[in-house]
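Chemist: Below you will find the structure I want to go over with you.
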Amino acid sequence: MKMNGTPLPVMPQIEIRPATAGDFEAMYGHPPERTVYAFVGDAAGEIVGIGGVYLDPGGPIGFLNVTERAKPYKLTLLREAKRFMKEHAGPMPVRAIRDKNNKLAGRFLLALGFRYMRSTSEGELYEWNK
């Protein structure tokens, strides 16, 4: 496709797949530290997002971390996160702490179906129920 005679850059397709220990190492520099059920957004071999649920002694914790390169795929990642939560979250409520450094994190959690609970010393607490 061309615009004013200049070809538009082609955005690589994003592949959504189950996360591996290698994906955690690529994203965080180490394998997961606890039991985790997760998915990744893989754009042409680059991990642009990783999300899921990890098991904490206090109950399941939901997470989604994305890179700057994830912006073109945000709706795909949102849809996958919703599907993942419905499919993989157990009977216990899943908690999440809003990322203080991301202005849109609260809106994203609400769009996923989490609801705001309260402010804690760790940050704003949200909860998702199946």
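Identifiers for the structure tokens are assigned positionally: chains receive A, B, ... in sequence, residues are indexed from 1 per chain, and ligands are indexed from 1 in the order shown.
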Residues within 9 Å of Asp23 (chain A), please, as a PyMOL selection string. Count only C-alpha atoms; anything in the same chain fewer than 6 positions from it doesn't count.
Modeler: chain A and resi 31+40+47+50
Chemist: Give me, as number ranges by chain, all polymer residues having an atom no more than 9 Å from Ala19 (chain A), counting only C-alpha atoms and skipping those fewer than 6 positions away in the same chain.
Modeler: A: 37-41, 50-52
Chemist: Can you tell me which residues surround Met85 (chain A) at a distance of at most 10 Å, considering only C-alpha atoms, apart from same-chain residues fewer than 6 positions away, and format the answer as an MDAnalysis selection string?
Modeler: chainID A and resid 38 51:53 62 94 112:113 128:130
Chemist: Write a file of the just-selected residues containing C-alpha atoms, as a PDB file, in the first residue's frame.
Modeler:
ATOM      1  CA  ALA A  38       0.879 -16.725  30.991  1.00  0.00           C
ATOM      2  CA  GLY A  51       0.587 -11.366  30.813  1.00  0.00           C
ATOM      3  CA  GLY A  52      -1.234 -13.897  32.898  1.00  0.00           C
ATOM      4  CA  VAL A  53      -1.730 -15.019  36.461  1.00  0.00           C
ATOM      5  CA  GLY A  62      -2.925 -10.848  37.493  1.00  0.00           C
ATOM      6  CA  VAL A  94      -7.593 -12.406  41.021  1.00  0.00           C
ATOM      7  CA  LEU A 112     -10.462  -6.156  31.454  1.00  0.00           C
ATOM      8  CA  GLY A 113     -13.265  -6.520  33.984  1.00  0.00           C
ATOM      9  CA  TRP A 128     -11.441  -9.661  39.089  1.00  0.00           C
ATOM     10  CA  ASN A 129     -14.062 -12.325  39.773  1.00  0.00           C
ATOM     11  CA  LYS A 130     -14.989 -15.082  37.351  1.00  0.00           C
TER      12      LYS A 130
END
Chemist: Could you list, as a ChimeraX atom specification, every residue within 12 Å of Arg69 (chain A), counting only C-alpha atoms and ignoring same-chain residues fewer than 4 positions away?
Modeler: /A:11-12,14,41-44,46-49,65,73-74
Chemist: Taking into account only C-alpha atoms, which residue in the set A:Gly123, A:Pro91, A:Pro18, A:Gly106 is nearest to Gly59 (chain A)?
Modeler: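 Closest to Gly59 (chain A), using only C-alpha atoms: A:Pro91.
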Chemist: Mind pulling up the distance from CA of His88 (chain A) to CA of Glu33 (chain A)?
Modeler: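 We find that CA of Glu33 (chain A) and CA of His88 (chain A) lie 19.1 Å from each other.
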Chemist: Which residues in chain A does DSSP call strand (DSSP E or B)? List them as a ChimeraX atom specification.
Modeler: /A:2-3,6-7,14-18,36-43,46-56,59-66,94-97,115-119,124-128
Chemist: May I ask for the distance between CA of Arg79 (chain A) and CA of Arg107 (chain A), given in Å to one decimal place?
Modeler: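 That distance, rounded to one decimal, is 14.3 Å.
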Chemist: Using only C-alpha atoms, which residues sit within 10 Å of region 97-105 of chain A once same-chain residues fewer than 4 positions away are excluded, as a ChimeraX atom specification?
Modeler: /A:61-65,109-111,116,119-120,122-127
Chemist: Compare A:Tyr54, A:Gly22, A:Glu68, A:Leu77 by their minimum atom-to-atom distance to Ala96 (chain A), counting only C-alpha atoms, and give me the closest one.
Modeler: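 Going through A:Tyr54, A:Gly22, A:Glu68, A:Leu77 one by one, the smallest distance to Ala96 (chain A) is for A:Tyr54.
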Chemist: Please indicate the distance in Å from CA of Met117 (chain A) to CA of Phe24 (chain A), rounded to one decimal place.
Modeler: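 Answer for the CA of Met117 (chain A) to CA of Phe24 (chain A) separation: 28.9 Å.
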Chemist: So which residues of region 46-115 of chain A fall under alpha helix (DSSP H) by DSSP, listed as a count of residues only?
Modeler: 23
